[in-house]
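Okay, structure first, notes after.
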Amino acid sequence: MKNYDHSKIEKKWQKEWAKEKVFEAIENSDKPKFYGLIEFPYPSGAGLHVGHVRSNTAMDIITRKRRMEGFNVLYPIGWDAFGLPTENYAIKTGKQPALITKENTDNFRRQLQSIGFSFDWSREINTTDPKYYKWTQWIFLQMFKQGLAYKKKMTINWCPKDKIGLANEEVIAGCCERCGTAVEKREKEQWMLAITKYADRLDTDLDTVDYLPQIKTQQRNWIGKSEGAEIEFQVDKEKIKVFTTRPDTLFGVTFLAVSPELAQSWIDIGWQASETIKQYIKKTLADRLADGFDMKEKTGISAGFDAINPVNGEKVPVWIVNYVLGDVGTGAIMGVPAHDERDFEFAKKYNLEIKPAVIPRRIDHNNPHVSGKEVIFRKGIMAIIVNPKDNKILCLKWKKQPWTTFVMGGIEGDETSVEAAIREIREETGYKNIKLVRVLGGVIQTEFFAAHKDINRIAHTQPILFELENEERSDVSSDELAAYEVFWRDMKDITPETMTHAEMDIVLSRIACEEKSFNENGVLINSGQFDGLQSEEAKKAITDFVGGKMVTTYKLRDWVFSRQRYWGEPIPLIHCEACGYVPVPEKDLPVELPQVEKYEPTDNGESPLSAISSWVNVTCPTCGGQAKRETDTMPQWAGSSWYYLRYTDSKNDTEFADKKNLQHWTPVDWYNGGMEHTTLHVLYSRFWHKFLFDQGLVPTSEPYAKRTSHGLILAEGGVKMSKSVGNVVNPDEIITLYGADSLRLYEMFMGPFDQAIPWSTENIIGVRRFLEKVWRLQSKVESQKSIKSETNSRFELLLHQMIQKVSSDIEGMKFNTAVSAMMILLNECEKQENLNQNNFEIFLKLLSPFAPHITEEIWNELGHKNMLVLEPWPVTDVTKLVATIASVVVQVNGKVRGQVKVPVDTAESVVMSKVQAEETLQKWIRDKKITKVFYVPNRLINLVLEGD
RNA sequence: GCCGGAGUGGCGGAAUUGGUAUACGCGCACGACUCAAAAUCGUGUCUCGAAAGGGAUGAGGGUUCAAGUCCCUCCUCCGGCACCA
């Protein structure tokens with residue numbers, strides 16, 4: 001047997017696979033298709049990262065398995081090559097970006113090929129190739145024609161170092177995502193893409209795709225859909241429009257809060273505000289633009305006038321506040337301190353009125369309303385009495401009902417709730433000397449069947465906390481004595497489970513916390529004719545009543561699509577004085593990037609393209625007059641927004657992809673990528689795809705049927721890998737030392753695929769040893785010779801369990817446990833004297849997607865002429881899955897005391913007698929009576945003994 | 001602050017969803033082979049205990065015959081959003 005020479009073997013099979021084109025996807029195939037996709041890399045000068053290897057290997061395993069399962073597989077690769085690092089390098093060195101890109105992609109390609117990924121290299125694409133970006137420009141023009149691309153003067157985030165406008169999502173904590181420089185604000189005309197027009201579908205259509213739940217949640221949060229109402233408040237002859245999700249709380253409005261931006265706009269159109277107000281606005285706006293924008297405290301200033309609440313004509317003061325944002329909703333809100341945490345905090349600080357309009361509601365599901373019985377409304381109290389001596393709470397145990405309650409009662413005549421409570425305490429318990437601690441918030445509505453009165457009750461209950469002063473008691477009536485017994489219960493035993501009150505959860509949280517706003521839905525009070533309505537129905541009713549309208553808003557903003565840089569797709573528009581912005585005619589696409597001397601953006605913020613007059617000056621395609629090209633370029637996200645479509649037909653010159661190809665391949669069946677792309681790339685490409693779908697240009701409304709995500713690989717010690725720290729692992733070195741198969745296997749074995757894991761070069765030796773053992777196993781192979789059948793059937797049971805395990809682990813991306821299962825199988829193989837060749841080949845097939853080179857070589861050594869990659873995936877033979885012996889764990893009182901071996905599916909009584917016969921177990925059972933036995937067939941038996 | 005995810009040996013991590021906690025791998029220790037080393041193979045490796053046994057899955061409580069797994073309270077770490085009305 002030869003030695004395991006990984007570099008020889010790996011090069012050999014990479015060449016063979018390429019020669020035989022085994023990984024090229026086939027058009028017009030009868031097989032079912034599978035389209036597996038990884039995010040195409042940005043070819044940086046640093047070379048391939050081990051993180052790329054992790055994601056690519058995972059999808060490589062999946063696609064290799066699919067091929068073996070008989071699918072026509074598309075697993076393509078390309079380069080997302082526009083972007084800043086290349087351009088910055090060009091500025092520094094004067095080298096052409098295209099040249100830099102060529103060098104970097106050559107290096108990346110070499111690296112990827114050295115790992116043996118089963119990419120279809122014949123479809124390789126590059127976003128910086130004019131043949132590719134012709135279609136990026138073409139798609140942009142379709143959007144322009146549909147009015148989705150528009151120009152807008154706006155304050156942009158400007159990075160003074162990179163000299164580039166940044167999208168909101170590229171600003172992290174007030175700094176440039178790339179270089180960390182503090183971002184400035186600048187006024188600039190920008191091209192925008194109206195992604196907000198698709199906001200609703202981007203949200204709701206998430207229901208139709210199979211993305212990891214956290215990916216969906218993140219996208220939904222990002223889109224930030226919220227349904228509410230716009231309501232207008234009158235101020236003299238003007239109106240202030242507010243947006244609220246809680247129109248049901250309109251009766252609880254005690255002030256209006258407007259953003260400084262809105263207030264400033266009033267000043268701009270002539271509002272005579274005081275100097276103090278002007279200064280407040282100026283300062284607040286300045287604070288907000290400052291780096292970081294971390295508002296510590298809510299502040300505000302009275303605007304000096306009132307507005308009219310449209311629902312009841314009440315005057316409410318208008319405040320200018322720092323906690324309302326100009327670009328959210330209408331830039332103004334109604335202040336409802338009773339039902340909004342922020343308004344509550346603000347009202348407390350500035351002594352504004354707090355007026356409840358909604359109360360919590362609980363239905364007692366243990367004593368629900370009985371149909372046919374009368375429904376009686378009652379205002380009542382709930383008295384919670386603490387004995388400070390032992391911190392116990394007074395409770396009533398009802399004699400005729402299975403209830404445990406606090407002291408309860410109705411409010412009579414014109415007494416206050418506290419007076420009513422004190423009276424009830426005396427009547428029901430006799431305790432005379434009690435002291436009010438505090439009223440626990442507002443009333444709570446509960447609905448239950450009062451069996452002792454034979455009525456359905458809707459109660460508005462006021463919970464009140466008292467303290468016992470001393471234990472002096474007077475007599476209570478015989479009626480009361482007959483009804484319940486008084487007792488004291490530990491505070492810690494007062495829970496929603498131990499008490500009958502359905503509103504117990506609310507009461508407990510009010511005891512724990514002094515005072516807060518009630519922010520949930522409930523039942524309306526103090527709301528005129530809307531009293532008694534529930535929040536959900538009241539929202540629409542009140543909005544209608546005041547002539548407002550229900551609207552939906554989104555956090556998602558339109559996409560700033562212009563960059564004032566060189567290394568991007570030129571935006572294919574021409575500006576003509578007479579005709580405005582005119583698309584470059586289709587026949588003139590692509591608008592190619594011209595050669596320039598200097599790649600630096602100009603200091604006035606224009607792209608370097610603007611300096612090339614021969615390129616800029618053109619004739620207008622519409623009127624033939626003098627015109628200028630748009631000199632802004634597209635952001636890096638453009639080329640990646642549709643690249644998965646191009647793979648289906650990467651060389652097409654007449655369309656971005658042939659309809660037939662799109663029909664066959666889309667949607668992408670499985671897309672794996674980084675979590676960091678969830679709200680940017682994935683959302684952007686979904687938007688482009690939906691647009692293309694609306695234009696009838698693609699056959700599906702969603703691009704990716706399934707999206708999963710890998711965890712980061714951290715440097716040793718758990719910190720981020722970074723070039724500056726010098727802790728980056730170079731895959732080339734690992735491949736030279738241990739081989740590509742070891743690298744692949746290690747990255748799959750290192751830990752859960754979706755979790756961040758620190759790299760450990762030390763640990764690679766483990767998988768390398770494993771592969772060497774597999775290699776040596778060849779010498780044990782006996783072709784069909786008979787091997788002791790008993791040991792063999794045990795081995796085959798294990799083998800077929802492994803087929804199941806590895807297959808399902810791959811589907812669930814639990815690669816680490818799949819590898820460990822194969823290691824267990826290997827350890828078992830080593831114990832065997834001989835190995836049946838069939839069984840060994842099954843093992844090789846299971847391992848082949850993980851370590852394709854070594855398995856292909858061994859397969860070849862075993863005498864096969866065809867390639868392992870083309871072999872069918874092993875199928876579990878259920879007849880071999882039948883175990884004959886089960887070891888049943890014996891527990892006594894829940895503690896493991898031994899084990900008995902019995903035939904599978906043995907009855908409990910048989911197992912029991914075996915247990916009782918077992919000497920080692922007898923000492924545990926002896927003398928004691930077995931009160932109960934729990935038997936889980938083939939697994940466990942637990943004997944519960946008397947006593948103990 | 002809110003929403004997610006997680007806390008298990010010296011380390012990376014397993015645990016058929018409530019049924020033998022610590023699989024698999026690394027590391028470490030001892031042994032075999034060797035003049036020696038490497039490689040390889042074997043044995044051991046949560047903890048207290050001489051043993052019999054006991055105790056451990058971030059902390060505390062609960063449910064259960066049985067809890068890493070379910071419920072409550074708290075602590076820590078990692079991600080995302082951050083006054084979104």
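Chain labels A, B, ... are given in the sequence in which chains occur in the structure tokens; within each chain residues are numbered consecutively from 1, and ligands are likewise numbered from 1 in the order shown.
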
Compute the set of chain B residues within 6 Å of chain A, using only C-alpha atoms (C1' of nucleotides), and express it as a PyMOL selection string. chain B and resi 24-26+66+83+85

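The interatomic distance for the pair CA of Cys623 (chain A) and CA of Leu573 (chain A) works out to 14.3 Å.
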
So which residues touch Trp79 (chain A) within 6 Å, counting only C-alpha atoms (C1' of nucleotides), skipping near sequence neighbours fewer than 3 positions away, as a ChimeraX atom specification? /A:40-42,126

With C-alpha atoms retained, export the selected residues as a CSV table (one decimal), in the first residue's frame.
```csv
chain,number,residue,atom,x,y,z
A,40,PHE,CA,-19.7,34.9,-4.6
A,41,PRO,CA,-16.6,36.3,-3.1
A,42,TYR,CA,-15.1,39.7,-3.3
A,126,ASN,CA,-17.4,38.7,-12.9
```

Residue list (strand (DSSP E), DSSP) for region 133-327 of chain A, as a PyMOL selection string: chain A and resi 149-159+164-166+171-172+175-176+184-193+210-211+226-235+238-244+255-258+300-308+315-321

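Going from CA of Phe691 (chain A) over to CA of Ile139 (chain A), you cover 9.4 Å.
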
List as a PDB file with C-alpha atoms, in the first residue's frame the protein and nucleic acid residues near region 391-403 of chain A, meaning an atom at most 7 Å away when only C-alpha atoms (C1' of nucleotides) are counted, but skip any in the same chain fewer than 4 places from it.
```pdb
ATOM      1  CA  ILE A 384     -54.031  42.749  49.612  1.00  0.00           C
ATOM      2  CA  ILE A 385     -53.070  42.801  53.280  1.00  0.00           C
ATOM      3  CA  VAL A 386     -49.520  42.189  54.395  1.00  0.00           C
ATOM      4  CA  ASN A 387     -48.614  41.289  57.937  1.00  0.00           C
ATOM      5  CA  VAL A 407     -60.526  40.145  50.266  1.00  0.00           C
ATOM      6  CA  ALA A 483     -68.493  31.293  53.266  1.00  0.00           C
ATOM      7  CA  TYR A 484     -64.742  31.156  53.788  1.00  0.00           C
ATOM      8  CA  GLU A 485     -61.911  30.638  56.133  1.00  0.00           C
ATOM      9  CA  VAL A 486     -59.229  33.236  56.644  1.00  0.00           C
ATOM     10  CA  PHE A 487     -55.571  32.231  56.509  1.00  0.00           C
ATOM     11  CA  TRP A 488     -52.131  33.720  55.936  1.00  0.00           C
ATOM     12  CA  ARG A 489     -49.925  32.696  53.051  1.00  0.00           C
ATOM     13  CA  ASP A 490     -46.232  33.367  52.364  1.00  0.00           C
ATOM     14  CA  MET A 491     -45.637  36.098  49.805  1.00  0.00           C
ATOM     15  CA  THR A 500     -57.973  32.161  41.795  1.00  0.00           C
TER      16      THR A 500
END
```

Tell me, in Å to one decimal, how far CA of Val183 (chain A) is from C1' of C81 (chain B). 20.3 Å

Hey, what's within 7 Å of region 61-63 of chain A if we count only C-alpha atoms (C1' of nucleotides) and toss same-chain stuff fewer than 5 positions away? As a VMD selection string, please? chain A and resid 36 73 75 810 849 to 850

Could you take the residues named above and write them with N, CA, C and O atoms, as a PDB file, in the first residue's frame?
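The file below, selection.pdb, is the result:
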```
ATOM      1  N   GLY A  36     -27.657  25.058  -5.950  1.00  0.00           N
ATOM      2  CA  GLY A  36     -27.059  25.428  -4.669  1.00  0.00           C
ATOM      3  C   GLY A  36     -26.169  26.641  -4.850  1.00  0.00           C
ATOM      4  O   GLY A  36     -25.421  26.719  -5.823  1.00  0.00           O
ATOM      5  N   VAL A  73     -27.207  19.241 -10.985  1.00  0.00           N
ATOM      6  CA  VAL A  73     -26.850  20.247 -10.007  1.00  0.00           C
ATOM      7  C   VAL A  73     -26.162  21.460 -10.639  1.00  0.00           C
ATOM      8  O   VAL A  73     -25.293  21.303 -11.491  1.00  0.00           O
ATOM      9  N   TYR A  75     -23.924  24.428  -9.251  1.00  0.00           N
ATOM     10  CA  TYR A  75     -23.200  25.010  -8.115  1.00  0.00           C
ATOM     11  C   TYR A  75     -22.159  25.948  -8.715  1.00  0.00           C
ATOM     12  O   TYR A  75     -21.031  25.572  -8.981  1.00  0.00           O
ATOM     13  N   ILE A 810     -26.384  16.008   7.108  1.00  0.00           N
ATOM     14  CA  ILE A 810     -26.021  16.910   6.006  1.00  0.00           C
ATOM     15  C   ILE A 810     -27.204  17.829   5.702  1.00  0.00           C
ATOM     16  O   ILE A 810     -27.047  19.040   5.576  1.00  0.00           O
ATOM     17  N   PRO A 849     -18.356  13.359   0.070  1.00  0.00           N
ATOM     18  CA  PRO A 849     -18.623  14.798  -0.062  1.00  0.00           C
ATOM     19  C   PRO A 849     -17.742  15.646   0.851  1.00  0.00           C
ATOM     20  O   PRO A 849     -17.434  16.780   0.526  1.00  0.00           O
ATOM     21  N   PHE A 850     -17.337  15.060   1.965  1.00  0.00           N
ATOM     22  CA  PHE A 850     -16.503  15.794   2.915  1.00  0.00           C
ATOM     23  C   PHE A 850     -15.047  15.792   2.473  1.00  0.00           C
ATOM     24  O   PHE A 850     -14.376  16.824   2.530  1.00  0.00           O
TER      25      PHE A 850
END
```

Would you mind writing down, as a ChimeraX atom specification, each residue of region 150-331 of chain A that DSSP on the backbone assigns to helix (DSSP H, G or I)? /A:168-170,195-208,213-223,247-252,260-268,275-289

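Using only C-alpha atoms (C1' of nucleotides), the residues found no farther than 12 Å from Ile354 (chain A), other than those of its own chain fewer than 5 positions away, are Thr249, Phe251, Gly252, Val253, Thr254, Phe255, Gly335, Val336, Pro337, Ala338, His339, Asp340, Glu341, Asp343, Phe344, Glu345, Phe346, Ala347, Lys348, Lys349, Gly441, Gly442, Glu515, Lys516, Ser517 and Phe518 of chain A.
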
Using only C-alpha atoms (C1' of nucleotides), which protein or nucleic acid residues come within 12 Å of Trp637 (chain A)? Drop anything in the same chain fewer than 4 positions from it, and give the result as a VMD selection string. chain A and resid 42 80 to 84 127 136 167 169 to 170 559 to 563 568 to 569 633 641 to 643 677 679 to 685 687 to 688

With only C-alpha atoms as the atoms that count, which of A:Val900, A:Lys598, A:Pro585, A:Thr276 lies nearest to Gln142 (chain A)?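 Selected residue with least distance to Gln142 (chain A): A:Pro585.
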